[in-house]
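Below is one structure; the comments refer to it alone.
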Amino acid sequence: MEKKEFVKEITDIDKNFPQWYTDIVLKAELADYTDVKGFIAIRPYGYEIWENIQKYVDEKFKKHGVKNISMPILIPEKLLNKEKQHVEGFAPEVAWVTIGGGEELEERLCVRPTSETIFSTMYSKWLNSWRDLPFLYNQWCNVLRWEKETRPFLRSREFLWQEGHTIHETEKEAKDFTLDMLDVYADVVENLLAIPVLKGKKTEKEKFAGAESTYTIETLMHDGRALQGGTSHYLGQNFTKPFDIKFQNRKGEQEYAYQTSWGISTRLIGAVIMAHGDNRGLKLPPLVAPIQAVIVPIAQQKEGVLDEAYKLKNRLNERIRIKLDDRDNYSVGYKFNEWEMKGVPIRIEIGPKDIEKREAILVRRDTSEKIQVKLEDIETKIDEMLKNIQVNMFNICKKRMEEKTTIATNIEELKKNLEENQGFVKSMWCGNQECEDKVKEITGAPSRCIPFEQEHLSDVCVCCGRPAKTMIVWGRQY
């Protein structure tokens, strides 16, 4: 039997976090670099994580009456120019198509960075009466933004996402739906990905280009940097007016509709890596893991071992996502390391001695705890363990977020907090963008959000000392 070396070591998580992250992406076979700078190939294991997110989210959307749709990837320049703030916000990131079939096009076409404009164009054709409303549509697709600095999943030039676009009869209905979708995102990140979130409203400076209001879920990674998990935008009539999205209202008069848009992306895979991983590799919450348990036979060349392993796999196959690693060209130690690197929540070991005792060994990826289990009880024990792992992983992240959330009453304290205990910093704010800009300039931390749950920390702004209007959270970001 050919022996191969163990899975190669990864960079220490606390010595070089960015390199550790890249090591995980490559060695856990989530994605790989391509010949086009800034574009990645998502490998099957990484794509399965996205499929599990997609399935969970799509079911939530459908319960809210959302239907899936598909729109073109190319958008004429004239459409992008209809909403001034929108085009200005995205202009630096847009890629243009100027030649088609060897001939120069009459009008430039942009590769969608987002699709408000094309949705709005179609809505203006499809909408007639208040009886048609609401339009609750979403598409699962790819978009392209020409980012200067890229990192797999976190900031690729092309990425996968969903973008929801809705129009409504009333302002209240649209605003309520915007917040409903934010709640869906919080549910996904907390209950599926086991990462706690901070919910709030973006400042005027940080809101989506073309929105009246942008709402966000913010997450905190292992190194104390923030990662925006998802955003939901109330667009009001900022697009419906220039795109002439009108309907006959209940009084028989023509009225402009109210609009929302909202999205999450494959960036969430990056969040899972950075929130949960450790020096042994990826660590996946059971609900999103492509493989929830892997069976590694011990001394599989001995008579009866593989037979018992296959029987066990067949028993568990209907209950969980299970894999049997019966490769004969790798050592058991290599297999242990590889499945730990890939973050599989439970490893099941079964060998000749275990079979004699009608037992197996279960090993938790989150705590490394090993327990012996009677084969007759294994379904129940695995169900319990998976639930416990999911809860434990969330609680570990929640504790870290609490420990890395501090309070500052002046700019010096804010800067000191970020340098000594990088994370979220809460403070009071006057509401002026000049102070927001100054805090970022001095500390390197932009505002994350104005939390829905407000606290009164002091009477004055952390930056200028003038009367404060609201509590705000700052944090360095990915």
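Naming scheme: A, B, ... for chains in displayed order of the structure tokens; residues 1 onward per chain; ligands 1 onward as shown.
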*asked:* I'd like the contact shell of Glu420 in chain A - 12 Å cut-off, only C-alpha atoms, skipping same-chain residues fewer than 5 positions apart - returned as a ChimeraX atom specification.
replied: /A:223-224,404-406,413-415,425
For the selection you just gave me, I'd like the residues written to a file as a PDB file, in the first residue's frame, keeping C-alpha atoms.
```pdb
ATOM      1  CA  ASP A 223      -9.044  38.669  14.026  1.00  0.00           C
ATOM      2  CA  GLY A 224     -11.597  41.265  15.113  1.00  0.00           C
ATOM      3  CA  LYS A 404     -14.232  42.241  21.184  1.00  0.00           C
ATOM      4  CA  THR A 405     -16.993  44.850  21.509  1.00  0.00           C
ATOM      5  CA  THR A 406     -15.813  47.880  23.494  1.00  0.00           C
ATOM      6  CA  GLU A 413      -9.929  55.843  23.400  1.00  0.00           C
ATOM      7  CA  LEU A 414     -11.493  54.617  20.167  1.00  0.00           C
ATOM      8  CA  LYS A 415      -8.090  54.310  18.489  1.00  0.00           C
ATOM      9  CA  VAL A 425     -16.288  49.880  19.075  1.00  0.00           C
TER      10      VAL A 425
END
```
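Around range 435-446 of chain A, within 6 Å and counting only C-alpha atoms, the residues found are Lys415, Cys463, Trp474, Gly475 and Arg476 of chain A, once anything fewer than 4 positions away on its own chain is removed.
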*Pick out the residues sitting within 12 Å of Thr114 in chain A, and hand them over as number ranges by chain; count only C-alpha atoms, and ignore anything fewer than 6 positions along from it in its own chain.*
A: 71-75, 80, 86-87, 89-91, 93-95, 120, 139-145, 158-165, 208-210, 261-265
_Among range 5-226 of chain A, which residues does DSSP mark as alpha helix (DSSP H) when it is run on the backbone? Keep the chain and numbering as in the structure and answer as number ranges by chain._
A: 17-27, 44-63, 77-80, 84-90, 116-126, 171-187
*Assign secondary structure with DSSP using the backbone only, and return the residues of range 219-367 of chain A in strand (DSSP E) as an MDAnalysis selection string.*
chainID A and resid 219:220 226:236 246:248 254:256 258:265 293:297 322:324 346:350 359:364
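The coordinates place CA of Asp183 in chain A at 17.4 Å from CA of Phe394 in chain A.
Summary of the local environment: counting only C-alpha atoms, residues at most 12 Å from Lys172 in chain A, other than itself and those fewer than 4 positions away along its chain, are Ile167, His168, Asp176, Phe177, Thr178, Leu179, Tyr234, Gly236, Ala257, Tyr258, Gln259 and Thr260 of chain A.
In this model, the gap between CA of Lys78 in chain A and CA of Ile99 in chain A comes to 16.9 Å.
Across the model, the gap from CA of Ala360 in chain A to CA of Ile291 in chain A is 18.3 Å.
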Would you write out, as a Markdown table, a table of all residues in range 413-463 of chain A that have an atom no more than 10 Å from an atom of range 188-199 of chain A, listing for each the closest atom pair and the distance in Å to one decimal, considering only C-alpha atoms and ordering rows by chain and rising residue number?
```
| residue | atom | partner | partner_atom | distance |
| --- | --- | --- | --- | --- |
| A:Phe424 | CA | A:Leu198 | CA | 9.7 |
| A:Arg448 | CA | A:Leu198 | CA | 9.2 |
| A:Cys449 | CA | A:Lys199 | CA | 7.7 |
| A:Ile450 | CA | A:Lys199 | CA | 8.3 |
| A:Pro451 | CA | A:Lys199 | CA | 5.8 |
| A:Phe452 | CA | A:Lys199 | CA | 6.3 |
| A:Glu453 | CA | A:Lys199 | CA | 8.3 |
```
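The smallest atom-to-atom distance between Thr150 in chain A and any of A:Trp339, A:Phe17, A:Tyr330, A:Phe39, using only C-alpha atoms, is found for A:Phe39.
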_Counting only C-alpha atoms, the residue of A:Arg225, A:Lys399, A:Pro44, A:Ala293 that sits nearest Asn421 in chain A_ = A:Arg225
*Quick one: everything within 9 Å of Trp20 in chain A, counting only C-alpha atoms, minus sequence neighbours fewer than 4 positions away in the same chain. Send it as number ranges by chain.*
A: 10-16, 24-25, 279, 281
Deliver the residues from the most recent selection as a file, using C-alpha atoms, as a PDB file, in the first residue's frame.
```pdb
ATOM      1  CA  ILE A  10      -1.091  25.820   7.197  1.00  0.00           C
ATOM      2  CA  THR A  11       0.093  29.236   8.346  1.00  0.00           C
ATOM      3  CA  ASP A  12      -0.518  30.007  12.033  1.00  0.00           C
ATOM      4  CA  ILE A  13      -3.863  31.765  12.388  1.00  0.00           C
ATOM      5  CA  ASP A  14      -2.569  34.288  14.933  1.00  0.00           C
ATOM      6  CA  LYS A  15       0.713  35.094  13.164  1.00  0.00           C
ATOM      7  CA  ASN A  16      -0.523  35.779   9.639  1.00  0.00           C
ATOM      8  CA  ILE A  24      -7.566  27.265   3.946  1.00  0.00           C
ATOM      9  CA  VAL A  25      -9.258  28.265   0.677  1.00  0.00           C
ATOM     10  CA  ASN A 279      -4.919  25.989  12.998  1.00  0.00           C
ATOM     11  CA  GLY A 281      -8.162  24.133   9.034  1.00  0.00           C
TER      12      GLY A 281
END
```
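The shell of residues at most 10 Å from Glu83 in chain A, with only C-alpha atoms counted and near chain neighbours (fewer than 4 positions) removed, consists of A:Lys78, A:Leu79, A:Val87, A:Glu88, A:Glu116, A:Thr117, A:Ala209, A:Gly210, A:Asn238, A:Phe239, A:Thr240, A:Lys241, A:Pro242, A:Phe243.
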Writing out the chosen residues with C-alpha atoms as a PDB file, in the first residue's frame:
```pdb
ATOM      1  CA  LYS A  78     -28.352  54.509 -21.219  1.00  0.00           C
ATOM      2  CA  LEU A  79     -30.130  52.483 -18.514  1.00  0.00           C
ATOM      3  CA  VAL A  87     -24.138  55.289 -11.838  1.00  0.00           C
ATOM      4  CA  GLU A  88     -21.692  57.462  -9.879  1.00  0.00           C
ATOM      5  CA  GLU A 116     -31.660  47.630 -10.305  1.00  0.00           C
ATOM      6  CA  THR A 117     -31.693  49.288 -13.731  1.00  0.00           C
ATOM      7  CA  ALA A 209     -25.753  54.144  -4.259  1.00  0.00           C
ATOM      8  CA  GLY A 210     -29.322  55.135  -5.173  1.00  0.00           C
ATOM      9  CA  ASN A 238     -35.434  56.881  -6.604  1.00  0.00           C
ATOM     10  CA  PHE A 239     -35.642  54.367  -9.460  1.00  0.00           C
ATOM     11  CA  THR A 240     -39.387  54.204 -10.074  1.00  0.00           C
ATOM     12  CA  LYS A 241     -39.544  57.872 -11.138  1.00  0.00           C
ATOM     13  CA  PRO A 242     -36.667  57.943 -13.672  1.00  0.00           C
ATOM     14  CA  PHE A 243     -37.732  54.533 -14.992  1.00  0.00           C
TER      15      PHE A 243
END
```
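Checking A:Ile295, A:Ser70, A:Gly229, A:Leu386 one by one against Ile269 in chain A, counting only C-alpha atoms, you find the shortest gap at A:Gly229.
Nearest to Val57 in chain A of all the residues A:Asn317, A:Ser427, A:Asn432, A:Asn138 is A:Asn138, based on only C-alpha atoms.
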